[in-house]
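Chemist: This is the structure I want to talk about, given as structure tokens.
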Amino acid sequence: MALMTGAQYIESLRKLNTRVYMFGEKIDNWVDHPIIRPSINCVAMTYALAQDPQYQDLMTATSNLTGEKINRFCHIHQSTEDLINKVKMQRLLGQKTASCFQRCVGMDAFNAVYSTTYEIDEKYGTGYHERFKKFLIYVQNNDLTVDGAMTDPKGDRSKAPHQQADPDLFVRIKEVRPDGIVVRGAKVHQTGSINSHWHIVMPTIAMGPDDKDYAVCFACPSDAEGLYMIYGRQSCDTRKLEEEVGMDVGNPKFGGQEALVVFDDVFIPNEYVFMQGEYDFAGMLVERFAGFHRQSYGGCKVGVGDVVIGAAALAAEYNGVAKASMVKDKLIEMNHLNETLYSCGIACSCQGKETKCGSYIIDMLLANVCKQNVTRFPYEIVRLAEDIAGGLMVTMPSNRDFHSDTVVGRNGETIGEICNKFFVGGQGCTTEERMKVFRFLENICLGSAAVGYRTESMHGAGSPQAQRIMIQRQSDMEGKKSMAKKIIGIAEKTEK
Ligand code: SF4
Ligand code: FE
């Protein structure tokens, strides 16, 4: 099947019977729900840009499995060039949506599961890799969006999965049947889960023999029996429900999405099971998925950062301070930080290596450094954007006030006229244009988009400490000590 258009993708969601709950109620027509739709528009952009001839090189690739042209989001990286193009594609999409476009979790899961299943088979003689390839060909041929589901609720963080008071706090195999397994548990803050046709579920931490039942990886349709999702709310989300909301939503078309995904005894046929008890490979799968997703942040967050910087520059212009040297310097700093993140995304891709099965993986140390920087720099970028914009981004009246005909002034001026009079800025913009920029910045810094830019920069793809552990493991301290000894003239002590 050919690549889907954005419109075909949206239509394809209508055919699913995905169970979605929000504000305590079932949402039947979730595709057109005003809170959910912006996140669907975002994923649709990953389809729309793949149709655009000017973005073909970034948005599409040739499948190593079928030789067909596919969307890059369904691709297994075959070279460092593929890894670099992935990051560039994500920057492009960040620029086009100023939001989380969600489809990367599936792409990163494909690449992690593809190489890990090969290595599980190598050790145990299982047939997971071929099974996974079959599933992936189906995904590629149908141009599907898949949620890569990793994060378990985890309960008491000091305890392993099997030690939890409630055994469901990590996804587990509840029952083994001749034709498949029954799984129970949940995955939390799942990016784009409702907008995905399928899910790939992976373990969330390295595991020991006692956690065997939790060492499970499988694929299942998003509308499988026993599976349901509870929408994660975002700051200011109910603004999207308001009539005449206008500019108050900040980003009128796009948004991110996270949900709690519950597996309430879901049957998974054997053909979709890619790990079943091989606990010694749970850590590899987690590290690879996390590594790929930490690389991803060197693309998507940079693209969103580009838009934030652009909006801050517009705010400066509309405030009439664009020529002030300290404003220019703040914009330079924002660009410096943003391009540093991009450099990390590109660097870990350039230094990528072939895995045992022939696919390519990022340099783990640099990918973790990339994400560690992402836990910091967007905060500074946002701080500088708020600094440049000024306090109005959090104190201005509503869209309705700006358009209100209610008379308030001594000479019959309306609320709208008064707002437009007193919130006027520099030359070259209308008051409304100036307000739109502030609303966008409010949205990205504090509103519903903050989940996809600011807080997600901290916790998405693993919280900062997770990267620090990987940096410690990968940074070859013994080798560095030897280098220092050699230079200084300290003899290596031989073990007796
Ligand atoms: Fe993609 Fe970034 Fe969203 Fe992750 S946070 S799914 S990398 S856009
Ligand atoms: Fe994310």
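Chain labels run A, B, ... following the order of the structure tokens; each chain numbers its residues from 1, and ligands are numbered from 1 in the order shown.
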At a cut-off of 8 Å, using only C-alpha atoms, what residues contact Val302 in chain A? Leave out same-chain residues fewer than 5 positions from it and give the result as a ChimeraX atom specification.
Modeler: /A:91,94,297,338-339,341-342
Chemist: Given the selection you just returned, output its residues as a file containing C-alpha atoms, formatted as a tab-separated table (two decimals), in the first residue's frame.
Modeler:
```tsv
chain	number	residue	atom	x	y	z
A	91	ARG	CA	13.78	19.01	13.71
A	94	GLY	CA	9.22	20.33	15.44
A	297	TYR	CA	15.32	14.84	21.51
A	338	ASN	CA	19.45	25.24	20.67
A	339	GLU	CA	22.21	24.49	18.17
A	341	LEU	CA	21.37	20.38	21.39
A	342	TYR	CA	21.26	19.79	17.65
```
Chemist: Taking only C-alpha atoms and all ligand atoms into account, which residues have an atom no farther than 7 Å from ligand 1? I'd like them as a compact mmCIF listing (two decimals) with C-alpha atoms, in the first residue's frame.
Modeler:
```txt
# COMPACT_ATOMS: atom_id res chain seq x y z
CA GLN A 90 12.47 15.45 13.72
CA GLY A 94 9.22 20.33 15.44
CA SER A 99 4.72 20.33 19.46
CA CYS A 100 5.33 16.64 20.11
CA PHE A 101 4.36 14.75 16.93
CA GLN A 102 4.39 11.45 18.81
CA ARG A 103 5.33 9.01 16.07
CA CYS A 104 9.00 8.73 17.12
CA VAL A 105 8.32 6.40 20.04
CA THR A 191 2.95 9.60 24.04
CA HIS A 293 14.78 8.31 22.07
CA SER A 296 15.39 11.95 19.06
CA TYR A 297 15.32 14.84 21.51
CA CYS A 300 12.35 17.38 17.95
CA LYS A 301 13.10 19.74 20.83
CA GLY A 452 5.82 18.61 25.11
CA GLU A 456 9.04 16.64 28.60
CA GLY A 460 10.74 12.34 28.47
```
Chemist: Write down as a count of residues only the residues belonging to range 352-466 of chain A that are assigned strand (DSSP E or B) by DSSP computed on the backbone.
Modeler: 6
Chemist: Have a look at A:Thr455, A:Ser196, A:Asn64, A:Gln427 and name the one nearest to ligand 2; count only C-alpha atoms and all ligand atoms.
Modeler: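 Looking at the shortest contact to ligand 2, the residue is A:Thr455.
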Chemist: Using Å and a single decimal, report how far CA of Arg434 in chain A sits from CA of Asn41 in chain A.
Modeler: 25.1 Å
Chemist: Contacts of Arg184 in chain A at 7 Å or less, counting only C-alpha atoms, minus same-chain residues fewer than 6 places along, as a list in words?
Modeler: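 Close residues of Arg184 in chain A: Asp168, Val171, Arg172, Ile173, Lys174, Phe263, Asp264, Asp265 and Val266 of chain A.
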